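Novice: What follows is the file my_file-v1.csv, containing CSV, C-alpha atoms and all ligand atoms:
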```csv
chain,number,residue,atom,x,y,z
D,1,MET,CA,14.2,0.0,-3.0
D,2,ARG,CA,15.3,0.2,0.6
D,3,ILE,CA,13.9,3.3,2.3
D,4,ALA,CA,14.9,5.1,5.5
D,5,VAL,CA,12.4,7.5,7.1
D,6,PHE,CA,13.7,10.5,9.1
D,7,ALA,CA,11.5,11.9,11.9
D,8,SER,CA,12.0,14.2,14.9
D,9,GLY,CA,8.5,14.0,16.3
D,10,THR,CA,5.5,11.8,16.8
D,11,GLY,CA,5.9,10.0,13.6
D,12,SER,CA,2.4,9.7,12.2
D,13,ASN,CA,3.7,10.1,8.7
D,14,ALA,CA,6.5,7.6,9.4
D,15,GLU,CA,3.8,5.2,10.5
D,16,ALA,CA,1.7,5.8,7.3
D,17,LEU,CA,4.8,5.0,5.2
D,18,ILE,CA,5.7,1.9,7.3
D,19,GLN,CA,2.1,0.6,7.1
D,20,ALA,CA,2.0,1.2,3.3
D,21,ALA,CA,5.2,-0.7,2.9
D,22,LYS,CA,3.9,-3.6,4.9
D,23,GLU,CA,0.9,-3.7,2.6
D,24,ASN,CA,3.1,-3.6,-0.4
D,25,GLN,CA,1.8,-0.2,-1.3
D,26,LEU,CA,5.0,1.8,-1.1
D,27,GLY,CA,7.0,0.3,-3.9
D,28,GLY,CA,9.8,-0.3,-1.4
D,29,GLU,CA,10.7,-1.5,2.0
D,30,VAL,CA,11.2,0.8,5.1
D,31,VAL,CA,14.4,-0.6,6.6
D,32,LEU,CA,15.4,2.1,9.0
D,33,LEU,CA,13.9,5.0,11.0
D,34,VAL,CA,16.5,7.7,11.7
D,35,SER,CA,15.9,10.4,14.4
D,36,ASP,CA,17.9,13.3,15.7
D,37,LYS,CA,15.8,13.2,18.9
D,38,PRO,CA,16.4,10.2,21.1
D,39,GLU,CA,13.0,10.9,22.8
D,40,ALA,CA,11.0,11.1,19.5
D,41,GLY,CA,7.8,9.1,19.5
D,42,ALA,CA,8.6,8.0,15.9
D,43,LEU,CA,11.3,5.7,17.3
D,44,LYS,CA,8.8,3.7,19.4
D,45,LYS,CA,6.3,3.6,16.6
D,46,ALA,CA,8.9,2.2,14.2
D,47,GLU,CA,10.1,-0.4,16.8
D,48,SER,CA,6.5,-1.6,17.3
D,49,TYR,CA,6.6,-2.6,13.6
D,50,GLY,CA,9.9,-4.3,14.0
D,51,ILE,CA,11.7,-1.6,12.0
D,52,LYS,CA,15.4,-0.9,13.0
D,53,THR,CA,16.0,2.6,14.4
D,54,VAL,CA,18.9,4.9,15.0
D,55,ALA,CA,18.8,8.0,17.2
D,56,LEU,CA,21.7,10.4,16.9
D,57,ALA,CA,21.7,13.7,18.8
D,58,LEU,CA,23.4,16.5,16.8
D,59,LYS,CA,24.8,17.9,20.0
D,60,SER,CA,26.9,14.8,20.5
D,61,PHE,CA,29.0,15.7,17.4
D,62,ALA,CA,31.4,18.5,17.0
D,63,THR,CA,30.0,19.6,13.6
D,64,LYS,CA,26.9,18.9,11.5
D,65,ALA,CA,29.1,17.3,8.9
D,66,GLU,CA,30.3,14.8,11.4
D,67,TYR,CA,26.8,14.1,12.6
D,68,GLU,CA,25.7,13.5,9.0
D,69,ALA,CA,28.7,11.4,8.2
D,70,LYS,CA,27.6,9.1,11.0
D,71,VAL,CA,24.0,9.1,9.7
D,72,VAL,CA,25.4,8.2,6.2
D,73,GLU,CA,27.4,5.3,7.8
D,74,HIS,CA,24.2,3.9,9.3
D,75,LEU,CA,22.3,4.3,6.0
D,76,GLN,CA,25.1,2.5,4.1
D,77,ASP,CA,25.2,-0.3,6.7
D,78,HIS,CA,21.5,-0.9,6.0
D,79,LYS,CA,22.0,-0.5,2.2
D,80,VAL,CA,19.5,2.4,2.1
D,81,ASP,CA,18.7,3.7,-1.4
D,82,PHE,CA,16.1,6.5,-0.7
D,83,LEU,CA,15.2,8.9,2.2
D,84,CYS,CA,11.8,10.1,3.2
D,85,LEU,CA,11.8,13.0,5.6
D,86,ALA,CA,8.7,13.0,7.7
D,87,GLY,CA,8.8,15.7,10.3
D,88,TYR,CA,12.6,15.8,10.4
D,89,MET,CA,13.2,19.2,11.8
D,90,ARG,CA,16.6,20.0,10.4
D,91,LEU,CA,18.0,21.4,7.2
D,92,VAL,CA,19.8,18.7,5.4
D,93,GLY,CA,23.5,19.5,5.0
D,94,SER,CA,25.9,18.9,2.2
D,95,THR,CA,27.2,15.6,3.5
D,96,LEU,CA,23.8,13.9,3.4
D,97,LEU,CA,22.7,15.7,0.3
D,98,THR,CA,25.8,14.6,-1.6
D,99,ALA,CA,25.5,11.0,-0.5
D,100,TYR,CA,21.8,10.8,-1.5
D,101,GLU,CA,21.6,13.4,-4.3
D,102,GLY,CA,18.1,13.4,-5.9
D,103,ARG,CA,17.0,10.6,-3.6
D,104,ILE,CA,15.6,12.6,-0.6
D,105,VAL,CA,12.0,13.8,-0.4
D,106,ASN,CA,10.2,15.8,2.3
D,107,ILE,CA,6.6,16.4,3.3
D,108,HIS,CA,5.5,19.9,4.2
D,109,PRO,CA,2.2,21.1,5.6
D,110,SER,CA,1.5,24.0,3.1
D,111,LEU,CA,1.2,24.6,-0.6
D,112,LEU,CA,4.8,25.5,-1.2
D,113,PRO,CA,6.2,28.0,-2.0
D,114,ALA,CA,3.7,29.5,0.4
D,115,PHE,CA,4.5,29.2,4.1
D,116,PRO,CA,7.9,27.4,4.2
D,117,GLY,CA,9.7,26.7,7.5
D,118,LEU,CA,8.2,26.3,11.0
D,119,ASP,CA,4.5,26.4,11.9
D,120,ALA,CA,3.2,26.5,8.4
D,121,VAL,CA,-0.4,26.1,9.7
D,122,GLY,CA,0.0,29.0,12.0
D,123,GLN,CA,1.4,31.1,9.1
D,124,ALA,CA,-1.6,30.2,7.0
D,125,LEU,CA,-4.0,31.1,9.7
D,126,THR,CA,-2.3,34.4,10.4
D,127,ALA,CA,-2.3,35.2,6.6
D,128,GLY,CA,-6.1,34.5,6.6
D,129,VAL,CA,-6.0,32.3,3.5
D,130,SER,CA,-9.0,30.1,2.8
D,131,GLU,CA,-6.9,27.2,1.6
D,132,THR,CA,-3.6,25.6,2.4
D,133,GLY,CA,-2.4,22.1,1.8
D,134,VAL,CA,0.3,19.5,1.7
D,135,THR,CA,3.4,19.4,-0.5
D,136,ILE,CA,5.8,16.6,-1.3
D,137,HIS,CA,9.1,17.8,-2.7
D,138,PHE,CA,12.7,16.8,-3.4
D,139,VAL,CA,15.1,18.1,-0.8
D,140,ASP,CA,17.8,20.6,-1.7
D,141,ALA,CA,20.0,22.8,0.5
D,142,GLY,CA,17.3,25.4,1.1
D,143,MET,CA,14.4,25.4,3.6
D,144,ASP,CA,11.5,23.7,1.8
D,145,THR,CA,12.7,24.9,-1.6
D,146,GLY,CA,13.4,21.8,-3.7
D,147,PRO,CA,11.4,20.8,-6.8
D,148,ILE,CA,7.7,20.0,-6.1
D,149,ILE,CA,6.5,16.5,-6.8
D,150,ALA,CA,2.9,16.5,-5.5
D,151,GLN,CA,0.5,18.9,-3.8
D,152,GLU,CA,-3.1,18.6,-2.4
D,153,THR,CA,-5.3,21.4,-1.2
D,154,VAL,CA,-7.0,21.5,2.3
D,155,LEU,CA,-9.8,24.0,2.9
D,156,ILE,CA,-9.7,26.3,5.9
D,157,GLN,CA,-13.2,27.1,7.2
D,158,LYS,CA,-14.1,30.2,9.2
D,159,GLY,CA,-13.4,29.5,12.9
D,160,ASP,CA,-11.0,26.6,12.2
D,161,THR,CA,-8.4,26.4,15.0
D,162,SER,CA,-4.8,25.4,14.2
D,163,GLU,CA,-5.7,21.9,15.6
D,164,ASP,CA,-8.7,21.7,13.2
D,165,VAL,CA,-6.5,22.5,10.2
D,166,MET,CA,-3.7,20.3,11.3
D,167,LYS,CA,-6.1,17.3,11.6
D,168,LYS,CA,-7.3,17.9,8.0
D,169,ILE,CA,-3.7,18.3,6.8
D,170,GLN,CA,-2.6,15.1,8.5
D,171,ALA,CA,-5.5,13.1,7.0
D,172,VAL,CA,-4.3,14.2,3.6
D,173,GLU,CA,-0.6,13.7,4.4
D,174,HIS,CA,-1.1,10.0,5.4
D,175,GLN,CA,-2.6,9.3,2.0
D,176,LEU,CA,-0.6,11.5,-0.2
D,177,TYR,CA,2.9,10.6,1.1
D,178,PRO,CA,2.7,6.9,0.6
D,179,ARG,CA,1.0,7.3,-2.8
D,180,THR,CA,3.6,9.8,-4.0
D,181,VAL,CA,6.5,7.7,-2.8
D,182,LYS,CA,5.1,4.7,-4.7
D,183,GLN,CA,4.8,6.7,-7.9
D,184,LEU,CA,8.4,7.8,-7.5
D,185,MET,CA,9.6,4.3,-6.8
D,186,GLU,CA,7.9,3.2,-10.1
D,187,SER,CA,9.2,6.2,-12.0
D,188,LYS,CA,12.3,6.1,-14.3
D,189,ASP,CA,14.0,9.0,-12.5
D,190,VAL,CA,14.2,7.3,-9.2
D,191,GLY,CA,13.2,3.7,-9.2
D,192,GLY,CA,13.5,2.5,-12.7
D,193,ASP,CA,17.2,1.8,-12.6
D,194,GLY,CA,17.3,-1.7,-11.5
D,195,HIS,CA,17.2,-0.9,-7.8
D,196,ASN,CA,13.4,-1.4,-7.7
D,197,GLU,CA,12.7,-4.9,-6.5
D,201,LIG,C1,3.9,16.9,9.3
D,201,LIG,O1,2.8,17.7,9.4
D,201,LIG,C2,4.8,17.2,8.2
D,201,LIG,O2,4.2,17.8,7.1
D,201,LIG,C3,5.8,18.1,8.8
D,201,LIG,O3,5.9,17.7,10.2
D,201,LIG,C4,4.8,17.0,10.6
D,201,LIG,C5,5.2,15.7,11.2
D,201,LIG,O4,4.1,15.0,11.8
D,201,LIG,N1,7.0,18.2,8.1
D,201,LIG,P1,4.3,13.5,12.3
D,201,LIG,O5,5.4,13.5,13.2
D,201,LIG,O6,4.5,12.7,11.0
D,201,LIG,O7,3.0,13.2,12.9
```
Would it be possible to restate this file's structure as structure tokens?
Ligand code: GRF

Specialist:
Amino acid sequence: MRIAVFASGTGSNAEALIQAAKENQLGGEVVLLVSDKPEAGALKKAESYGIKTVALALKSFATKAEYEAKVVEHLQDHKVDFLCLAGYMRLVGSTLLTAYEGRIVNIHPSLLPAFPGLDAVGQALTAGVSETGVTIHFVDAGMDTGPIIAQETVLIQKGDTSEDVMKKIQAVEHQLYPRTVKQLMESKDVGGDGHNE
């Protein structure tokens, strides 16, 4: 499988996926890093591994559909089969969803359906819960609403700051995301259709 990773930020999850692929632990190859932020750290990270990158600012396009059509063009140029969103801070629109139906996954820093959307860790701390976690899910048109594939719990200790919780979450994310993608690549639903080399 040829995988594209989508990231808007620092790209620590993108890096975890790229590293796993290099070690043959992803069940596929990361062939492209896509960002909607030309200044995203994720782009430099990917380049340092020799991964091709494309940065497209939404504001350079008249509509989101045109932006996504250009993204799809790049994905098709690189013969991408599967998309992993890793801190891609946009709702996926119908153009991209239709082109990659059932082949887009996302990672979110909470135990969905709890705390969807922005600042999931802040939401958990405000709610005063003693555990939160990480969710990997298929992407649909909603905000963090698609079918859940995998989850792992992270404990919140008394006095934990948002940075403390984020650190614990990221440690889990960097293991859980590559492991889950590998399982998907090996599963009949996604990878077992002859694309899996
Ligand atoms: C991660 O916590 C992920 O769950 C969320 O955005 C963050 C991205 O972090 N969707 P990074 O850019 O991979 O370091």

Novice: With distances taken over all atoms listed in the file, which of D:Val129, D:Leu58, D:Leu97, D:Cys84 is nearest to ligand LIG 201 (chain D)?

Specialist: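 Counting all atoms listed in the file, the residue closest to ligand LIG 201 (chain D) is D:Cys84.
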
Novice: For ligand LIG 201 (chain D), which residue among D:Ser162, D:Thr53, D:Thr126, D:Thr98 is the nearest when counting all atoms listed in the file?

Specialist: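 Once distances to ligand LIG 201 (chain D) are computed over all atoms listed in the file, the minimum belongs to D:Ser162.
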
Novice: Show me which residues sit within 6 Å of ligand LIG 201 (chain D) when counting all atoms listed in the file, and put them as a list in words.

Specialist: Gly9, Thr10, Gly11, Ser12, Asn13, Ala14, Ala86, Gly87, Ile107, His108 and Pro109 of chain D

Novice: Got time to write the residues from that selection, C-alpha atoms, as an mmCIF file, in the frame of the given file?

Specialist:
```
data_model
loop_
_atom_site.group_PDB
_atom_site.id
_atom_site.type_symbol
_atom_site.label_atom_id
_atom_site.label_comp_id
_atom_site.auth_asym_id
_atom_site.auth_seq_id
_atom_site.Cartn_x
_atom_site.Cartn_y
_atom_site.Cartn_z
ATOM 1 C CA GLY D 9 8.500 14.000 16.300
ATOM 2 C CA THR D 10 5.500 11.800 16.800
ATOM 3 C CA GLY D 11 5.900 10.000 13.600
ATOM 4 C CA SER D 12 2.400 9.700 12.200
ATOM 5 C CA ASN D 13 3.700 10.100 8.700
ATOM 6 C CA ALA D 14 6.500 7.600 9.400
ATOM 7 C CA ALA D 86 8.700 13.000 7.700
ATOM 8 C CA GLY D 87 8.800 15.700 10.300
ATOM 9 C CA ILE D 107 6.600 16.400 3.300
ATOM 10 C CA HIS D 108 5.500 19.900 4.200
ATOM 11 C CA PRO D 109 2.200 21.100 5.600
#
```

Novice: Measuring between only C-alpha atoms, which one of D:Gly27, D:Pro147, D:Gly93, D:Pro38 shows the shortest distance to Thr63 (chain D)?

Specialist: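 Using only C-alpha atoms, the shortest distance to Thr63 (chain D) belongs to D:Gly93.
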
Novice: Just checking: using all atoms listed in the file, which residue out of D:Pro178, D:Pro116, D:Gly102, D:Gly50 ends up closest to Asp140 (chain D)?

Specialist: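 Checking each of D:Pro178, D:Pro116, D:Gly102, D:Gly50 against Asp140 (chain D), counting all atoms listed in the file, the winner is D:Gly102.
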
Novice: Separation of CA of Ser8 (chain D) and CA of Leu33 (chain D), in Å?

Specialist: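 According to the coordinates, CA of Ser8 (chain D) and CA of Leu33 (chain D) are separated by 10.2 Å.
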
Novice: Around (7.9, 7.4, -0.4) in the file's frame, which residues reach within 7 Å when counting all atoms listed in the file? Return as a list in words?

Specialist: Leu17, Leu26, Cys84, Tyr177, Pro178, Thr180, Val181 and Lys182 of chain D

Novice: Pick out the closest residue to Val121 (chain D) from this set: D:Gln170, D:Gln151, D:Ser94, D:Arg103. Count all atoms listed in the file.

Specialist: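 Ranked by minimum distance to Val121 (chain D), first place goes to D:Gln170.
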
Novice: Please measure the separation of CA of Asn106 (chain D) and CA of Lys70 (chain D), giving the value in Å to one decimal.

Specialist: 20.6 Å

Novice: Is there a way to get, as a CSV table (one decimal) with C-alpha atoms, in the frame of the given file, all residues within 12 Å of the point (16.2, 4.8, 5.9) in file coordinates, counting all atoms listed in the file?

Specialist:
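The new file point-v3.csv reads:
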```csv
chain,number,residue,atom,x,y,z
D,1,MET,CA,14.2,0.0,-3.0
D,2,ARG,CA,15.3,0.2,0.6
D,3,ILE,CA,13.9,3.3,2.3
D,4,ALA,CA,14.9,5.1,5.5
D,5,VAL,CA,12.4,7.5,7.1
D,6,PHE,CA,13.7,10.5,9.1
D,7,ALA,CA,11.5,11.9,11.9
D,14,ALA,CA,6.5,7.6,9.4
D,17,LEU,CA,4.8,5.0,5.2
D,18,ILE,CA,5.7,1.9,7.3
D,28,GLY,CA,9.8,-0.3,-1.4
D,29,GLU,CA,10.7,-1.5,2.0
D,30,VAL,CA,11.2,0.8,5.1
D,31,VAL,CA,14.4,-0.6,6.6
D,32,LEU,CA,15.4,2.1,9.0
D,33,LEU,CA,13.9,5.0,11.0
D,34,VAL,CA,16.5,7.7,11.7
D,35,SER,CA,15.9,10.4,14.4
D,46,ALA,CA,8.9,2.2,14.2
D,51,ILE,CA,11.7,-1.6,12.0
D,52,LYS,CA,15.4,-0.9,13.0
D,53,THR,CA,16.0,2.6,14.4
D,54,VAL,CA,18.9,4.9,15.0
D,71,VAL,CA,24.0,9.1,9.7
D,72,VAL,CA,25.4,8.2,6.2
D,73,GLU,CA,27.4,5.3,7.8
D,74,HIS,CA,24.2,3.9,9.3
D,75,LEU,CA,22.3,4.3,6.0
D,76,GLN,CA,25.1,2.5,4.1
D,77,ASP,CA,25.2,-0.3,6.7
D,78,HIS,CA,21.5,-0.9,6.0
D,79,LYS,CA,22.0,-0.5,2.2
D,80,VAL,CA,19.5,2.4,2.1
D,81,ASP,CA,18.7,3.7,-1.4
D,82,PHE,CA,16.1,6.5,-0.7
D,83,LEU,CA,15.2,8.9,2.2
D,84,CYS,CA,11.8,10.1,3.2
D,85,LEU,CA,11.8,13.0,5.6
D,86,ALA,CA,8.7,13.0,7.7
D,100,TYR,CA,21.8,10.8,-1.5
D,103,ARG,CA,17.0,10.6,-3.6
D,104,ILE,CA,15.6,12.6,-0.6
D,105,VAL,CA,12.0,13.8,-0.4
```

Novice: Figure out the distance between CA of Gly142 (chain D) and CA of Leu184 (chain D), please, to one decimal in Å.

Specialist: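 So the two atoms, CA of Leu184 (chain D) and CA of Gly142 (chain D), lie 21.5 Å apart.
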
Novice: Select, from D:Thr95, D:Leu118, D:Ala42, D:Asp36, the residue with the minimum atom-to-atom distance to Ala65 (chain D), counting only C-alpha atoms.

Specialist: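 Comparing D:Thr95, D:Leu118, D:Ala42, D:Asp36 against Ala65 (chain D), the winner is D:Thr95.
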